[in-house]
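I have placed the structure first, in the form of structure tokens, so that the comments after it can refer back to it.
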Amino acid sequence: MKYIDSNFPNLTSELHLRFELGKPYENGTEDRFNQVVTRVTTLFEEVFKPDDSIYIYIKDWEITEDIMFGNTTPEYLYDLLCDQNIEEETLYDIDEDYDEVTGQTIEVKNEYKVKFVYSQLKSVPYQKILEGIGNYEQGRKPSIGQSVYFISIDKGLLFHMYDDRGCLIHSKGIEKLLPLYHTYNNWLVDYWREDFDSIFKKV
């Protein structure tokens, strides 16, 4: 997708906010689950509206064999999107590994699937998708182990909930993030707070 490569290379950008979703509650507790769902839904609905046209970018490693770390309900996300037209590509990440026999560094290709959906937000069950992502690390079912990115070309925004710990909102312009910085300042990840303050307090 050329837009991502040009505007959010590697699905990231320097201009972003990172929000805490789960702390201070312990993993697996009802309090944590309820806070995660409330916060991520609130943030999501602040940046996207029902009539927005969005891309959903799904990165799927299709690892299901490992019960501990694999995706135990791998089809759940696609069941939620069964009414959508899903396009697919096969891509590769290149990692380096050390071969102890030869003493040389070798390149390792890791295959993954990329799937795209383009739709109006109101036809997407985004709340269930966000809950499924939150369920994954908490051992709840149904869960979503794929990496899911919501992208609005019109607004220049990329929203990524990585798990129940937090979410990132990337933008092409500071004006889209400034209201979030002020309204939900107490939800920002403290570790990055000085960096965010250095950008947004000047505006």
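Residues in the structure tokens are named by chain (A, B, ... in the order shown) and by number from 1 within that chain; ligands are numbered from 1 in the order shown.
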For this session: Please identify all polymer residues within 6 Å of segment 162-164 of chain A, counting only C-alpha atoms, omitting same-chain residues fewer than 3 positions from it, and present them as a VMD selection string.
Result: chain A and resid 22 133 to 134 167
For this session: Determine, counting only C-alpha atoms, which protein, DNA and RNA residues have an atom within 12 Å of an atom of Thr29 of chain A; residues of the same chain fewer than 4 positions away are not included. Present the result as a PyMOL selection string.
Result: chain A and resi 22-25+33-36+135+137-140+164
For this session: Identify, with DSSP run on backbone atoms, the residues in segment 105-169 of chain A assigned to helix (DSSP H, G or I), and express the list as a list in words.
Result: Leu121, Lys122, Ser123, Tyr126, Gln127, Lys128, Ile129, Leu130, Glu131, Gly132, Ile133, Gly134, Asn135, Tyr136, Glu137 and Gln138 of chain A
Would you put the residues from that selection into a file with C-alpha atoms, as a CSV table (one decimal), in the first residue's frame?
```csv
chain,number,residue,atom,x,y,z
A,121,LEU,CA,-16.3,2.5,9.9
A,122,LYS,CA,-20.0,2.0,10.7
A,123,SER,CA,-20.0,-1.3,8.9
A,126,TYR,CA,-14.5,-2.3,15.7
A,127,GLN,CA,-15.5,-2.6,19.3
A,128,LYS,CA,-15.3,-6.4,19.1
A,129,ILE,CA,-12.0,-6.2,17.3
A,130,LEU,CA,-10.5,-3.9,20.0
A,131,GLU,CA,-11.9,-6.2,22.8
A,132,GLY,CA,-10.4,-9.3,21.0
A,133,ILE,CA,-7.0,-7.6,20.9
A,134,GLY,CA,-7.3,-6.8,24.6
A,135,ASN,CA,-8.2,-10.4,25.3
A,136,TYR,CA,-5.1,-11.9,23.7
A,137,GLU,CA,-2.5,-11.2,26.4
A,138,GLN,CA,-5.0,-11.7,29.2
```
Problem set entry | Distance in Å - atom CA of Asp95 of chain A versus atom CA of Tyr78 of chain A |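 Answer for the atom CA of Asp95 of chain A to atom CA of Tyr78 of chain A separation: 28.1 Å.
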For this session: Please report, as a VMD selection string, each residue of segment 67-161 of chain A to which DSSP assigns strand (DSSP E or B) when run on this structure's backbone.
Result: chain A and resid 86 to 99 104 to 120 147 to 152 157 to 161
Dump as an mmCIF file, in the first residue's frame, selection limited to C-alpha atoms:
```cif
data_model
loop_
_atom_site.group_PDB
_atom_site.id
_atom_site.type_symbol
_atom_site.label_atom_id
_atom_site.label_comp_id
_atom_site.auth_asym_id
_atom_site.auth_seq_id
_atom_site.Cartn_x
_atom_site.Cartn_y
_atom_site.Cartn_z
ATOM 1 C CA ILE A 86 -10.420 -8.770 2.107
ATOM 2 C CA GLU A 87 -7.368 -8.443 -0.140
ATOM 3 C CA GLU A 88 -4.219 -10.398 0.660
ATOM 4 C CA GLU A 89 -0.481 -10.268 -0.025
ATOM 5 C CA THR A 90 2.412 -12.429 1.141
ATOM 6 C CA LEU A 91 5.418 -10.451 2.376
ATOM 7 C CA TYR A 92 8.697 -11.207 4.131
ATOM 8 C CA ASP A 93 10.695 -9.731 6.974
ATOM 9 C CA ILE A 94 14.440 -10.247 6.867
ATOM 10 C CA ASP A 95 16.190 -11.068 10.149
ATOM 11 C CA GLU A 96 19.830 -11.845 10.778
ATOM 12 C CA ASP A 97 20.908 -15.007 12.587
ATOM 13 C CA TYR A 98 24.294 -16.388 13.599
ATOM 14 C CA ASP A 99 25.310 -19.770 12.239
ATOM 15 C CA GLN A 104 28.772 -16.487 9.616
ATOM 16 C CA THR A 105 25.761 -14.231 9.840
ATOM 17 C CA ILE A 106 22.899 -15.445 7.707
ATOM 18 C CA GLU A 107 19.672 -13.825 6.583
ATOM 19 C CA VAL A 108 16.429 -15.471 7.643
ATOM 20 C CA LYS A 109 13.197 -14.823 5.755
ATOM 21 C CA ASN A 110 10.066 -14.702 7.884
ATOM 22 C CA GLU A 111 6.889 -14.999 5.861
ATOM 23 C CA TYR A 112 3.711 -13.232 6.885
ATOM 24 C CA LYS A 113 0.380 -12.363 5.345
ATOM 25 C CA VAL A 114 -0.865 -8.821 4.925
ATOM 26 C CA LYS A 115 -4.585 -8.344 4.497
ATOM 27 C CA PHE A 116 -6.460 -5.152 3.671
ATOM 28 C CA VAL A 117 -10.044 -4.101 4.189
ATOM 29 C CA TYR A 118 -11.456 -0.792 2.951
ATOM 30 C CA SER A 119 -14.818 0.202 4.368
ATOM 31 C CA GLN A 120 -16.883 2.785 6.154
ATOM 32 C CA SER A 147 -1.508 -6.990 14.427
ATOM 33 C CA VAL A 148 -4.336 -4.678 13.372
ATOM 34 C CA TYR A 149 -3.933 -1.086 12.168
ATOM 35 C CA PHE A 150 -6.795 1.327 11.419
ATOM 36 C CA ILE A 151 -5.833 3.991 8.888
ATOM 37 C CA SER A 152 -7.679 7.077 7.646
ATOM 38 C CA LEU A 157 -4.206 9.024 11.125
ATOM 39 C CA LEU A 158 -3.058 5.539 12.053
ATOM 40 C CA PHE A 159 -4.457 3.816 15.163
ATOM 41 C CA HIS A 160 -2.769 0.716 16.579
ATOM 42 C CA MET A 161 -3.752 -1.104 19.760
#
```
